[in-house]
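*Asks:* Structure: my_file-v5.pdb, PDB, C-alpha atoms.
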ATOM      1  CA  MET A   1     100.349 141.753  81.718
ATOM      2  CA  GLN A   2     100.944 142.185  85.407
ATOM      3  CA  THR A   3      99.290 140.073  88.029
ATOM      4  CA  GLU A   4      98.391 141.419  91.392
ATOM      5  CA  LYS A   5     100.657 140.283  94.171
ATOM      6  CA  PRO A   6      98.768 138.063  96.580
ATOM      7  CA  ASN A   7      97.860 139.988  99.647
ATOM      8  CA  GLU A   8      98.484 137.152 102.077
ATOM      9  CA  THR A   9     102.142 138.115 102.629
ATOM     10  CA  SER A  10     101.285 141.660 103.631
ATOM     11  CA  CYS A  11     102.009 142.340 107.269
ATOM     12  CA  GLY A  12     100.716 145.901 107.247
ATOM     13  CA  THR A  13     102.314 149.184 108.244
ATOM     14  CA  GLY A  14     104.900 148.891 110.982
ATOM     15  CA  LYS A  15     105.365 145.163 110.445
ATOM     16  CA  GLY A  16     107.564 143.077 108.207
ATOM     17  CA  SER A  17     107.666 139.447 107.228
ATOM     18  CA  LEU A  18     109.492 136.693 109.078
ATOM     19  CA  PRO A  19     109.491 133.060 107.924
ATOM     20  CA  GLY A  20     105.877 132.049 108.512
ATOM     21  CA  ALA A  21     104.947 135.118 110.558
ATOM     22  CA  CYS A  22     104.897 138.899 110.813
ATOM     23  CA  GLY A  23     106.976 140.891 113.260
ATOM     24  CA  SER A  24     107.578 144.517 114.195
ATOM     25  CA  LEU A  25     109.850 146.263 111.725
ATOM     26  CA  ALA A  26     113.471 147.037 112.542
ATOM     27  CA  TYR A  27     113.673 144.944 115.706
ATOM     28  CA  PRO A  28     116.183 142.118 115.853
ATOM     29  CA  TYR A  29     114.484 138.864 116.842
ATOM     30  CA  ILE A  30     115.539 135.926 118.914
ATOM     31  CA  SER A  31     112.524 133.790 119.520
ATOM     32  CA  MET A  32     111.981 132.626 123.076
ATOM     33  CA  GLN A  33     112.409 128.960 123.873
ATOM     34  CA  GLU A  34     109.059 127.512 124.914
ATOM     35  CA  PRO A  35     108.476 126.039 128.381
ATOM     36  CA  ASN A  36     109.620 122.493 129.116
ATOM     37  CA  PRO A  37     111.439 121.965 125.779
ATOM     38  CA  SER A  38     112.440 118.475 124.639
ATOM     39  CA  ARG A  39     115.864 117.389 125.828
ATOM     40  CA  TYR A  40     118.667 114.969 124.995
ATOM     41  CA  SER A  41     119.982 112.551 127.589
ATOM     42  CA  ARG A  42     122.872 114.109 129.517
ATOM     43  CA  GLY A  43     125.429 111.894 127.747
ATOM     44  CA  GLU A  44     124.068 112.888 124.358
ATOM     45  CA  ALA A  45     123.978 116.523 125.461
ATOM     46  CA  LEU A  46     127.684 116.608 126.360
ATOM     47  CA  GLN A  47     128.458 114.961 123.020
ATOM     48  CA  THR A  48     126.229 117.321 121.035
ATOM     49  CA  GLY A  49     127.105 120.554 122.797
ATOM     50  CA  THR A  50     123.544 121.382 123.793
ATOM     51  CA  LEU A  51     120.899 119.805 125.993
ATOM     52  CA  PHE A  52     118.137 120.980 123.680
ATOM     53  CA  PRO A  53     117.450 119.424 120.240
ATOM     54  CA  GLY A  54     115.751 122.684 119.251
ATOM     55  CA  LEU A  55     119.043 124.560 119.676
ATOM     56  CA  ASN A  56     121.160 121.976 117.864
ATOM     57  CA  LEU A  57     122.377 123.382 114.565
ATOM     58  CA  PRO A  58     122.617 120.806 111.776
ATOM     59  CA  PHE A  59     126.250 121.441 110.897
ATOM     60  CA  LYS A  60     127.221 120.698 114.454
ATOM     61  CA  ALA A  61     125.462 117.345 114.271
ATOM     62  CA  ALA A  62     127.776 116.354 111.419
ATOM     63  CA  ILE A  63     130.847 117.204 113.476
ATOM     64  CA  THR A  64     129.735 115.471 116.653
ATOM     65  CA  ALA A  65     128.748 112.281 114.825
ATOM     66  CA  ASN A  66     132.430 111.287 114.819
ATOM     67  CA  LEU A  67     133.170 112.105 118.430
ATOM     68  CA  LYS A  68     132.948 109.537 121.129
ATOM     69  CA  ILE A  69     134.023 110.068 124.701
ATOM     70  CA  ASN A  70     134.939 107.201 126.966
ATOM     71  CA  ASN A  71     132.549 106.090 129.636
ATOM     72  CA  THR A  72     134.524 107.134 132.717
ATOM     73  CA  ALA A  73     133.690 108.676 136.081
ATOM     74  CA  LEU A  74     135.020 111.959 134.699
ATOM     75  CA  ALA A  75     132.903 111.780 131.522
ATOM     76  CA  GLU A  76     129.808 111.007 133.581
ATOM     77  CA  LEU A  77     130.525 113.964 135.869
ATOM     78  CA  MET A  78     131.152 116.217 132.852
ATOM     79  CA  ALA A  79     127.823 115.113 131.356
ATOM     80  CA  LEU A  80     125.975 115.828 134.603
ATOM     81  CA  ASP A  81     127.672 119.197 135.071
ATOM     82  CA  PHE A  82     126.945 120.134 131.471
ATOM     83  CA  ALA A  83     123.256 119.255 131.878
ATOM     84  CA  VAL A  84     123.188 121.332 135.078
ATOM     85  CA  ASP A  85     124.795 124.291 133.219
ATOM     86  CA  GLU A  86     122.306 124.021 130.376
ATOM     87  CA  LEU A  87     119.276 123.715 132.641
ATOM     88  CA  GLY A  88     120.567 126.655 134.681
ATOM     89  CA  LEU A  89     120.805 128.796 131.543
ATOM     90  CA  TYR A  90     117.286 127.795 130.563
ATOM     91  CA  LEU A  91     115.931 128.531 134.044
ATOM     92  CA  THR A  92     117.519 131.974 133.965
ATOM     93  CA  THR A  93     115.008 132.908 131.283
ATOM     94  CA  HIS A  94     112.229 130.486 132.374
ATOM     95  CA  PRO A  95     112.311 130.571 136.191
ATOM     96  CA  ASP A  96     108.658 129.471 136.536
ATOM     97  CA  ASP A  97     108.997 126.142 134.714
ATOM     98  CA  GLN A  98     108.482 123.828 137.685
ATOM     99  CA  GLU A  99     109.106 120.606 135.758
ATOM    100  CA  VAL A 100     112.539 121.753 134.577
ATOM    101  CA  LEU A 101     113.308 123.169 138.014
ATOM    102  CA  ASP A 102     112.648 119.732 139.538
ATOM    103  CA  LEU A 103     114.893 118.142 136.932
ATOM    104  CA  TYR A 104     117.568 120.772 137.680
ATOM    105  CA  TRP A 105     117.565 119.883 141.347
ATOM    106  CA  SER A 106     117.662 116.165 140.693
ATOM    107  CA  TYR A 107     120.653 116.602 138.344
ATOM    108  CA  ILE A 108     122.433 118.745 140.925
ATOM    109  CA  LYS A 109     121.999 115.918 143.418
ATOM    110  CA  LEU A 110     123.333 113.371 140.930
ATOM    111  CA  ALA A 111     126.258 115.660 140.065
ATOM    112  CA  LYS A 112     127.122 115.938 143.740
ATOM    113  CA  GLU A 113     127.250 112.159 143.998
ATOM    114  CA  GLY A 114     129.267 111.917 140.780
ATOM    115  CA  ARG A 115     131.718 114.476 142.143
ATOM    116  CA  GLU A 116     132.285 112.488 145.312
ATOM    117  CA  LYS A 117     132.788 109.308 143.304
ATOM    118  CA  TYR A 118     135.314 111.024 141.023
ATOM    119  CA  GLN A 119     137.186 112.634 143.897
ATOM    120  CA  LYS A 120     137.633 109.329 145.686
ATOM    121  CA  MET A 121     139.375 107.964 142.597
ATOM    122  CA  TYR A 122     141.287 110.967 141.275
ATOM    123  CA  GLY A 123     141.593 113.601 143.988
ATOM    124  CA  PRO A 124     140.065 116.990 144.695
ATOM    125  CA  ILE A 125     138.192 119.088 142.123
ATOM    126  CA  LEU A 126     138.040 122.119 144.401
ATOM    127  CA  GLN A 127     141.087 123.304 146.309
ATOM    128  CA  THR A 128     138.939 123.242 149.439
ATOM    129  CA  ASP A 129     137.872 119.593 149.091
ATOM    130  CA  LEU A 130     138.958 117.792 152.233
ATOM    131  CA  THR A 131     141.552 115.036 151.721
ATOM    132  CA  PRO A 132     142.592 114.192 155.286
ATOM    133  CA  GLU A 133     144.108 110.801 154.428
ATOM    134  CA  ASP A 134     145.924 112.092 151.438
ATOM    135  CA  GLY A 135     147.728 115.258 152.550
ATOM    136  CA  TYR A 136     147.492 118.322 150.294
ATOM    137  CA  ALA A 137     146.441 116.430 147.181
ATOM    138  CA  TRP A 138     145.380 119.556 145.258
ATOM    139  CA  LEU A 139     148.783 120.088 143.649
ATOM    140  CA  ARG A 140     149.102 116.591 142.306
ATOM    141  CA  ASP A 141     149.542 115.960 138.555
ATOM    142  CA  PRO A 142     147.911 115.564 136.156
ATOM    143  CA  TRP A 143     146.221 118.921 135.837
ATOM    144  CA  PRO A 144     143.336 119.098 133.366
ATOM    145  CA  TRP A 145     145.531 120.189 130.439
ATOM    146  CA  ASP A 146     148.221 117.566 131.090
ATOM    147  CA  LYS A 147     148.569 114.218 129.380
ATOM    148  CA  GLY A 148     146.269 111.838 131.234
ATOM    149  CA  GLY A 149     144.335 114.744 132.769
ATOM    150  CA  ASN A 150     141.113 113.670 131.070
ATOM    151  CA  ASP A 151     141.149 109.921 131.552
TER     152      ASP A 151
ATOM    153  CA  MET B   1     134.010 135.594 143.395
ATOM    154  CA  PHE B   2     135.290 132.759 141.295
ATOM    155  CA  VAL B   3     136.320 129.276 142.334
ATOM    156  CA  TYR B   4     138.375 126.973 140.116
ATOM    157  CA  GLU B   5     137.290 123.418 139.384
ATOM    158  CA  LYS B   6     140.222 121.164 138.512
ATOM    159  CA  LYS B   7     138.579 119.599 135.460
ATOM    160  CA  LEU B   8     137.722 120.614 131.902
ATOM    161  CA  GLN B   9     134.148 121.057 130.714
ATOM    162  CA  TYR B  10     134.751 118.486 127.965
ATOM    163  CA  PRO B  11     137.704 116.085 127.711
ATOM    164  CA  VAL B  12     140.675 117.040 125.535
ATOM    165  CA  ASN B  13     142.966 114.139 124.644
ATOM    166  CA  ILE B  14     145.098 114.916 121.616
ATOM    167  CA  LYS B  15     147.325 112.061 120.518
ATOM    168  CA  THR B  16     149.082 113.625 117.513
ATOM    169  CA  THR B  17     150.789 116.996 117.768
ATOM    170  CA  ASN B  18     149.974 119.448 114.998
ATOM    171  CA  PRO B  19     151.635 122.872 115.283
ATOM    172  CA  ARG B  20     150.053 124.086 112.030
ATOM    173  CA  LEU B  21     146.605 123.555 113.522
ATOM    174  CA  ALA B  22     147.708 125.120 116.819
ATOM    175  CA  ALA B  23     148.765 128.275 114.957
ATOM    176  CA  LEU B  24     145.163 128.626 113.732
ATOM    177  CA  ILE B  25     143.302 127.494 116.845
ATOM    178  CA  ILE B  26     145.133 130.074 118.965
ATOM    179  CA  SER B  27     142.701 132.618 117.470
ATOM    180  CA  GLN B  28     139.859 130.965 119.352
ATOM    181  CA  TYR B  29     141.891 131.641 122.505
ATOM    182  CA  GLY B  30     142.945 135.244 122.018
ATOM    183  CA  GLY B  31     141.520 136.408 118.689
ATOM    184  CA  PRO B  32     138.822 139.067 118.213
ATOM    185  CA  ASP B  33     135.993 136.530 118.590
ATOM    186  CA  GLY B  34     137.823 134.115 120.849
ATOM    187  CA  GLU B  35     136.913 132.830 124.278
ATOM    188  CA  LEU B  36     138.916 135.404 126.251
ATOM    189  CA  GLY B  37     137.041 138.230 124.552
ATOM    190  CA  ALA B  38     133.747 136.392 124.992
ATOM    191  CA  SER B  39     134.186 135.914 128.726
ATOM    192  CA  LEU B  40     135.318 139.491 129.352
ATOM    193  CA  ARG B  41     132.571 140.856 127.092
ATOM    194  CA  TYR B  42     129.825 139.068 129.040
ATOM    195  CA  LEU B  43     131.301 139.529 132.486
ATOM    196  CA  SER B  44     131.886 143.247 131.888
ATOM    197  CA  GLN B  45     128.471 143.927 130.350
ATOM    198  CA  ARG B  46     126.716 142.515 133.427
ATOM    199  CA  TYR B  47     127.063 145.619 135.527
ATOM    200  CA  SER B  48     124.799 147.829 133.448
ATOM    201  CA  MET B  49     122.102 145.210 132.860
ATOM    202  CA  PRO B  50     118.807 146.315 134.393
ATOM    203  CA  TYR B  51     117.029 142.945 134.804
ATOM    204  CA  PRO B  52     117.875 139.941 136.984
ATOM    205  CA  GLU B  53     117.431 137.567 134.012
ATOM    206  CA  LEU B  54     120.133 139.468 132.142
ATOM    207  CA  LYS B  55     122.478 139.738 135.105
ATOM    208  CA  GLY B  56     122.078 135.989 135.613
ATOM    209  CA  LEU B  57     122.463 135.119 131.953
ATOM    210  CA  LEU B  58     125.619 137.176 131.382
ATOM    211  CA  THR B  59     127.126 135.815 134.603
ATOM    212  CA  ASP B  60     126.348 132.210 133.574
ATOM    213  CA  ILE B  61     127.595 132.593 130.021
ATOM    214  CA  GLY B  62     130.681 134.660 130.873
ATOM    215  CA  THR B  63     131.681 132.042 133.419
ATOM    216  CA  GLU B  64     131.124 129.190 130.993
ATOM    217  CA  GLU B  65     133.260 131.020 128.397
ATOM    218  CA  LEU B  66     136.148 130.912 130.877
ATOM    219  CA  GLY B  67     135.682 127.141 130.849
ATOM    220  CA  HIS B  68     135.831 127.230 127.049
ATOM    221  CA  LEU B  69     139.008 129.327 127.247
ATOM    222  CA  GLU B  70     140.597 126.593 129.326
ATOM    223  CA  MET B  71     139.616 123.908 126.813
ATOM    224  CA  VAL B  72     141.020 125.878 123.875
ATOM    225  CA  GLY B  73     144.218 126.555 125.827
ATOM    226  CA  THR B  74     144.471 122.822 126.493
ATOM    227  CA  ILE B  75     143.997 122.043 122.796
ATOM    228  CA  VAL B  76     146.809 124.431 121.804
ATOM    229  CA  HIS B  77     149.036 123.069 124.573
ATOM    230  CA  GLN B  78     148.483 119.460 123.540
ATOM    231  CA  LEU B  79     148.888 120.205 119.827
ATOM    232  CA  THR B  80     152.365 121.618 120.501
ATOM    233  CA  ARG B  81     153.800 118.970 122.811
ATOM    234  CA  ASN B  82     157.292 117.567 122.161
ATOM    235  CA  LEU B  83     157.916 119.416 118.902
ATOM    236  CA  THR B  84     161.109 118.896 116.957
ATOM    237  CA  GLU B  85     162.902 121.876 115.414
ATOM    238  CA  GLU B  86     161.999 120.546 111.997
ATOM    239  CA  GLN B  87     158.297 120.333 112.883
ATOM    240  CA  ILE B  88     158.309 123.928 114.134
ATOM    241  CA  LYS B  89     159.836 125.238 110.900
ATOM    242  CA  GLN B  90     157.840 123.146 108.484
ATOM    243  CA  ALA B  91     154.520 123.804 110.088
ATOM    244  CA  GLY B  92     154.731 127.597 109.929
ATOM    245  CA  PHE B  93     154.658 127.648 113.712
ATOM    246  CA  ASP B  94     158.042 129.397 113.849
ATOM    247  CA  THR B  95     156.646 132.953 113.905
ATOM    248  CA  TYR B  96     154.656 132.112 117.022
ATOM    249  CA  PHE B  97     157.453 130.040 118.535
ATOM    250  CA  ILE B  98     160.054 132.799 118.284
ATOM    251  CA  ASP B  99     158.114 134.907 120.814
ATOM    252  CA  HIS B 100     156.158 132.412 122.887
ATOM    253  CA  THR B 101     157.833 129.010 122.373
ATOM    254  CA  THR B 102     155.067 126.547 123.280
ATOM    255  CA  GLY B 103     153.488 128.818 125.870
ATOM    256  CA  VAL B 104     149.810 129.563 125.271
ATOM    257  CA  TYR B 105     149.577 133.278 124.515
ATOM    258  CA  PRO B 106     146.294 135.139 123.883
ATOM    259  CA  THR B 107     146.736 136.289 120.318
ATOM    260  CA  ALA B 108     144.899 136.215 117.016
ATOM    261  CA  ALA B 109     146.217 133.775 114.431
ATOM    262  CA  SER B 110     147.188 136.798 112.325
ATOM    263  CA  GLY B 111     149.553 137.927 115.077
ATOM    264  CA  SER B 112     147.769 140.748 116.904
ATOM    265  CA  PRO B 113     147.770 140.141 120.634
ATOM    266  CA  TRP B 114     144.380 140.029 122.336
ATOM    267  CA  SER B 115     142.897 143.480 122.620
ATOM    268  CA  ALA B 116     139.868 144.928 124.389
ATOM    269  CA  SER B 117     139.290 146.878 121.182
ATOM    270  CA  SER B 118     137.737 143.695 119.809
ATOM    271  CA  ILE B 119     134.893 143.873 122.333
ATOM    272  CA  GLN B 120     132.407 146.537 123.342
ATOM    273  CA  VAL B 121     130.634 147.448 126.551
ATOM    274  CA  CYS B 122     128.452 150.474 125.906
ATOM    275  CA  GLY B 123     126.051 150.218 128.820
ATOM    276  CA  ASP B 124     122.970 150.119 126.602
ATOM    277  CA  THR B 125     121.031 146.897 127.101
ATOM    278  CA  ILE B 126     119.956 146.261 123.510
ATOM    279  CA  ALA B 127     123.213 147.457 121.959
ATOM    280  CA  ASP B 128     125.304 145.241 124.255
ATOM    281  CA  LEU B 129     123.126 142.193 123.640
ATOM    282  CA  THR B 130     123.300 142.825 119.900
ATOM    283  CA  GLU B 131     127.091 142.953 120.137
ATOM    284  CA  ASP B 132     126.957 139.589 121.920
ATOM    285  CA  LEU B 133     124.889 138.088 119.111
ATOM    286  CA  ALA B 134     127.351 139.305 116.491
ATOM    287  CA  ALA B 135     130.370 138.019 118.397
ATOM    288  CA  ASP B 136     128.816 134.666 119.141
ATOM    289  CA  ALA B 137     127.667 134.203 115.552
ATOM    290  CA  ALA B 138     131.226 134.865 114.404
ATOM    291  CA  MET B 139     132.499 132.196 116.760
ATOM    292  CA  MET B 140     130.221 129.518 115.369
TER     293      MET B 140
END
Starting from the file, give its structure as structure tokens.
*Replies:*
Amino acid sequence: MQTEKPNETSCGTGKGSLPGACGSLAYPYISMQEPNPSRYSRGEALQTGTLFPGLNLPFKAAITANLKINNTALAELMALDFAVDELGLYLTTHPDDQEVLDLYWSYIKLAKEGREKYQKMYGPILQTDLTPEDGYAWLRDPWPWDKGGND
Amino acid sequence: MFVYEKKLQYPVNIKTTNPRLAALIISQYGGPDGELGASLRYLSQRYSMPYPELKGLLTDIGTEELGHLEMVGTIVHQLTRNLTEEQIKQAGFDTYFIDHTTGVYPTAASGSPWSASSIQVCGDTIADLTEDLAADAAMM
């Protein structure tokens, strides 16, 4: 004996089923991140590879659990720059989110300070950074791929 | 216009060389779904994008992929430091070494050099974005 299929999964003509919802047939879907999404701290974000817990895939969490970067001026600058990158990407698709925009600007300010702190210790990050007391310090080793370039 | 920042996006500090691993990781540098292809795919698709959000997004991501390219290059470089002849032979790194020594060359692990035939720019918004999804999913 056959039982009638429950009608609750039917999305109707022109629609198909998605997990927990219906959507137009034959369109690929990437759901839009909602405004002001929850965020990791910037240190956690650099470690995890995303600023947003909602975009963190579980298998990545297993990999990053074993990674630990040292707490240096460079690591702090990397964390700030990464948060700025991530917020910038988010703002590209959510330009009207004022709260995140404010956070973006405050991180940019912090990153600027972090950059100056790093440069005082290790030399220029941009070729055009002024180093009047230090000659043309741009060429100095180590470069980022060299041994000691990430200390 | 691009400006270089003399730092990596994330620190790379490899203590133990491992040419066998380098011979695989090189694919993330110059393989079909590697970072070189990713950056050129995004940066080349920008021009035909009709909306500012898309122009901005592909510019942001394509630029960040260049940063990833530098990190992967650094990984390969550091994995192949100070190799002995024995290490090169035993690790199966010799087929790479014969042509490139320990230079970082954009190639797939299977030996094909990087090729634009592994990316597409067709000028159609949805088709190009769909290509990006496929390529990025393959990278993960």
*Asks:* Rounded to one decimal, what separation in Å do you get between atom CA of Ala109 of chain B and atom CA of Tyr4 of chain B?
*Replies:*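 Atom CA of Ala109 of chain B sits 27.7 Å away from atom CA of Tyr4 of chain B.
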*Asks:* For chain B against chain A, which residues fall within 10 Å using only C-alpha atoms, given as a PDB file with C-alpha atoms, keeping the file's coordinate frame?
*Replies:*
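Ended up saving to selection36.pdb:
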ATOM      1  CA  VAL B   3     136.320 129.276 142.334  1.00  0.00           C
ATOM      2  CA  TYR B   4     138.375 126.973 140.116  1.00  0.00           C
ATOM      3  CA  GLU B   5     137.290 123.418 139.384  1.00  0.00           C
ATOM      4  CA  LYS B   6     140.222 121.164 138.512  1.00  0.00           C
ATOM      5  CA  LYS B   7     138.579 119.599 135.460  1.00  0.00           C
ATOM      6  CA  LEU B   8     137.722 120.614 131.902  1.00  0.00           C
ATOM      7  CA  GLN B   9     134.148 121.057 130.714  1.00  0.00           C
ATOM      8  CA  TYR B  10     134.751 118.486 127.965  1.00  0.00           C
ATOM      9  CA  PRO B  11     137.704 116.085 127.711  1.00  0.00           C
ATOM     10  CA  VAL B  12     140.675 117.040 125.535  1.00  0.00           C
ATOM     11  CA  ASN B  13     142.966 114.139 124.644  1.00  0.00           C
ATOM     12  CA  ILE B  14     145.098 114.916 121.616  1.00  0.00           C
ATOM     13  CA  LYS B  15     147.325 112.061 120.518  1.00  0.00           C
ATOM     14  CA  PRO B  52     117.875 139.941 136.984  1.00  0.00           C
ATOM     15  CA  GLU B  53     117.431 137.567 134.012  1.00  0.00           C
ATOM     16  CA  LEU B  54     120.133 139.468 132.142  1.00  0.00           C
ATOM     17  CA  LYS B  55     122.478 139.738 135.105  1.00  0.00           C
ATOM     18  CA  GLY B  56     122.078 135.989 135.613  1.00  0.00           C
ATOM     19  CA  LEU B  57     122.463 135.119 131.953  1.00  0.00           C
ATOM     20  CA  LEU B  58     125.619 137.176 131.382  1.00  0.00           C
ATOM     21  CA  THR B  59     127.126 135.815 134.603  1.00  0.00           C
ATOM     22  CA  ASP B  60     126.348 132.210 133.574  1.00  0.00           C
ATOM     23  CA  ILE B  61     127.595 132.593 130.021  1.00  0.00           C
ATOM     24  CA  GLU B  64     131.124 129.190 130.993  1.00  0.00           C
ATOM     25  CA  GLU B  70     140.597 126.593 129.326  1.00  0.00           C
ATOM     26  CA  MET B  71     139.616 123.908 126.813  1.00  0.00           C
ATOM     27  CA  VAL B  72     141.020 125.878 123.875  1.00  0.00           C
ATOM     28  CA  GLY B  73     144.218 126.555 125.827  1.00  0.00           C
ATOM     29  CA  THR B  74     144.471 122.822 126.493  1.00  0.00           C
ATOM     30  CA  ILE B  75     143.997 122.043 122.796  1.00  0.00           C
ATOM     31  CA  VAL B  76     146.809 124.431 121.804  1.00  0.00           C
ATOM     32  CA  HIS B  77     149.036 123.069 124.573  1.00  0.00           C
ATOM     33  CA  GLN B  78     148.483 119.460 123.540  1.00  0.00           C
ATOM     34  CA  ARG B  81     153.800 118.970 122.811  1.00  0.00           C
ATOM     35  CA  ILE B 126     119.956 146.261 123.510  1.00  0.00           C
ATOM     36  CA  THR B 130     123.300 142.825 119.900  1.00  0.00           C
ATOM     37  CA  LEU B 133     124.889 138.088 119.111  1.00  0.00           C
ATOM     38  CA  MET B 140     130.221 129.518 115.369  1.00  0.00           C
TER      39      MET B 140
END
*Asks:* Expand the PyMOL selection byres ((chain B and resi 131) around 12) into the individual residues it matches in the shown file, reporting them as a PDB file with C-alpha atoms, in the coordinates of the input.
*Replies:*
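Now in selection-v3.pdb:
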ATOM      1  CA  PRO A  28     116.183 142.118 115.853  1.00  0.00           C
TER       2      PRO A  28
ATOM      3  CA  ASP B  33     135.993 136.530 118.590  1.00  0.00           C
ATOM      4  CA  GLY B  37     137.041 138.230 124.552  1.00  0.00           C
ATOM      5  CA  ALA B  38     133.747 136.392 124.992  1.00  0.00           C
ATOM      6  CA  ARG B  41     132.571 140.856 127.092  1.00  0.00           C
ATOM      7  CA  TYR B  42     129.825 139.068 129.040  1.00  0.00           C
ATOM      8  CA  GLN B  45     128.471 143.927 130.350  1.00  0.00           C
ATOM      9  CA  SER B 118     137.737 143.695 119.809  1.00  0.00           C
ATOM     10  CA  ILE B 119     134.893 143.873 122.333  1.00  0.00           C
ATOM     11  CA  GLN B 120     132.407 146.537 123.342  1.00  0.00           C
ATOM     12  CA  VAL B 121     130.634 147.448 126.551  1.00  0.00           C
ATOM     13  CA  CYS B 122     128.452 150.474 125.906  1.00  0.00           C
ATOM     14  CA  GLY B 123     126.051 150.218 128.820  1.00  0.00           C
ATOM     15  CA  ASP B 124     122.970 150.119 126.602  1.00  0.00           C
ATOM     16  CA  THR B 125     121.031 146.897 127.101  1.00  0.00           C
ATOM     17  CA  ILE B 126     119.956 146.261 123.510  1.00  0.00           C
ATOM     18  CA  ALA B 127     123.213 147.457 121.959  1.00  0.00           C
ATOM     19  CA  ASP B 128     125.304 145.241 124.255  1.00  0.00           C
ATOM     20  CA  LEU B 129     123.126 142.193 123.640  1.00  0.00           C
ATOM     21  CA  THR B 130     123.300 142.825 119.900  1.00  0.00           C
ATOM     22  CA  ASP B 132     126.957 139.589 121.920  1.00  0.00           C
ATOM     23  CA  LEU B 133     124.889 138.088 119.111  1.00  0.00           C
ATOM     24  CA  ALA B 134     127.351 139.305 116.491  1.00  0.00           C
ATOM     25  CA  ALA B 135     130.370 138.019 118.397  1.00  0.00           C
ATOM     26  CA  ASP B 136     128.816 134.666 119.141  1.00  0.00           C
ATOM     27  CA  ALA B 137     127.667 134.203 115.552  1.00  0.00           C
ATOM     28  CA  ALA B 138     131.226 134.865 114.404  1.00  0.00           C
TER      29      ALA B 138
END
*Asks:* For a test of reading the model, state the distance in Å between atom CA of Leu103 of chain A and atom CA of Asn56 of chain A, rounded to one decimal.
*Replies:*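 Between atom CA of Leu103 of chain A and atom CA of Asn56 of chain A the gap is 20.4 Å.
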*Asks:* One decimal, Å: what's the distance from atom CA of Leu21 of chain B over to atom CA of Leu66 of chain B, could you say?
*Replies:*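 The value is 21.6 Å.
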*Asks:* Evaluate the PyMOL selection byres ((chain A and resi 120) around 12) here and jot the selected residues down as a JSON list (two decimals) with C-alpha atoms, keeping the file's coordinate frame.
*Replies:*
[["chain", "number", "residue", "atom", "x", "y", "z"],
["A", 73, "ALA", "CA", 133.69, 108.68, 136.08],
["A", 74, "LEU", "CA", 135.02, 111.96, 134.70],
["A", 113, "GLU", "CA", 127.25, 112.16, 144.00],
["A", 114, "GLY", "CA", 129.27, 111.92, 140.78],
["A", 115, "ARG", "CA", 131.72, 114.48, 142.14],
["A", 116, "GLU", "CA", 132.28, 112.49, 145.31],
["A", 117, "LYS", "CA", 132.79, 109.31, 143.30],
["A", 118, "TYR", "CA", 135.31, 111.02, 141.02],
["A", 119, "GLN", "CA", 137.19, 112.63, 143.90],
["A", 121, "MET", "CA", 139.38, 107.96, 142.60],
["A", 122, "TYR", "CA", 141.29, 110.97, 141.28],
["A", 123, "GLY", "CA", 141.59, 113.60, 143.99],
["A", 124, "PRO", "CA", 140.06, 116.99, 144.70],
["A", 125, "ILE", "CA", 138.19, 119.09, 142.12],
["A", 129, "ASP", "CA", 137.87, 119.59, 149.09],
["A", 130, "LEU", "CA", 138.96, 117.79, 152.23],
["A", 131, "THR", "CA", 141.55, 115.04, 151.72],
["A", 132, "PRO", "CA", 142.59, 114.19, 155.29],
["A", 133, "GLU", "CA", 144.11, 110.80, 154.43],
["A", 134, "ASP", "CA", 145.92, 112.09, 151.44],
["A", 137, "ALA", "CA", 146.44, 116.43, 147.18]]
*Asks:* Kindly add N, CA and C atoms to the incomplete segment 106-115 of chain A and provide the output as a PDB file, in the frame of the given file.
*Replies:*
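Everything below was put into out-v9.pdb:
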ATOM      1  N   SER A 106     117.291 117.591 140.649  1.00  0.00           N
ATOM      2  CA  SER A 106     117.662 116.165 140.693  1.00  0.00           C
ATOM      3  C   SER A 106     119.030 115.949 140.036  1.00  0.00           C
ATOM      4  N   TYR A 107     119.334 116.707 138.981  1.00  0.00           N
ATOM      5  CA  TYR A 107     120.653 116.602 138.344  1.00  0.00           C
ATOM      6  C   TYR A 107     121.757 117.144 139.256  1.00  0.00           C
ATOM      7  N   ILE A 108     121.436 118.191 139.998  1.00  0.00           N
ATOM      8  CA  ILE A 108     122.433 118.745 140.925  1.00  0.00           C
ATOM      9  C   ILE A 108     122.795 117.701 141.983  1.00  0.00           C
ATOM     10  N   LYS A 109     121.773 116.983 142.442  1.00  0.00           N
ATOM     11  CA  LYS A 109     121.999 115.918 143.418  1.00  0.00           C
ATOM     12  C   LYS A 109     122.882 114.822 142.822  1.00  0.00           C
ATOM     13  N   LEU A 110     122.546 114.397 141.617  1.00  0.00           N
ATOM     14  CA  LEU A 110     123.333 113.371 140.930  1.00  0.00           C
ATOM     15  C   LEU A 110     124.771 113.849 140.705  1.00  0.00           C
ATOM     16  N   ALA A 111     124.924 115.115 140.328  1.00  0.00           N
ATOM     17  CA  ALA A 111     126.258 115.660 140.065  1.00  0.00           C
ATOM     18  C   ALA A 111     127.091 115.678 141.345  1.00  0.00           C
ATOM     19  N   LYS A 112     126.425 115.929 142.451  1.00  0.00           N
ATOM     20  CA  LYS A 112     127.122 115.938 143.740  1.00  0.00           C
ATOM     21  C   LYS A 112     127.653 114.536 144.046  1.00  0.00           C
ATOM     22  N   GLU A 113     126.819 113.537 143.780  1.00  0.00           N
ATOM     23  CA  GLU A 113     127.250 112.159 143.998  1.00  0.00           C
ATOM     24  C   GLU A 113     128.389 111.784 143.042  1.00  0.00           C
ATOM     25  N   GLY A 114     128.237 112.196 141.780  1.00  0.00           N
ATOM     26  CA  GLY A 114     129.267 111.917 140.780  1.00  0.00           C
ATOM     27  C   GLY A 114     130.597 112.556 141.141  1.00  0.00           C
ATOM     28  N   ARG A 115     130.525 113.736 141.724  1.00  0.00           N
ATOM     29  CA  ARG A 115     131.718 114.476 142.143  1.00  0.00           C
ATOM     30  C   ARG A 115     132.457 113.715 143.244  1.00  0.00           C
TER      31      ARG A 115
END
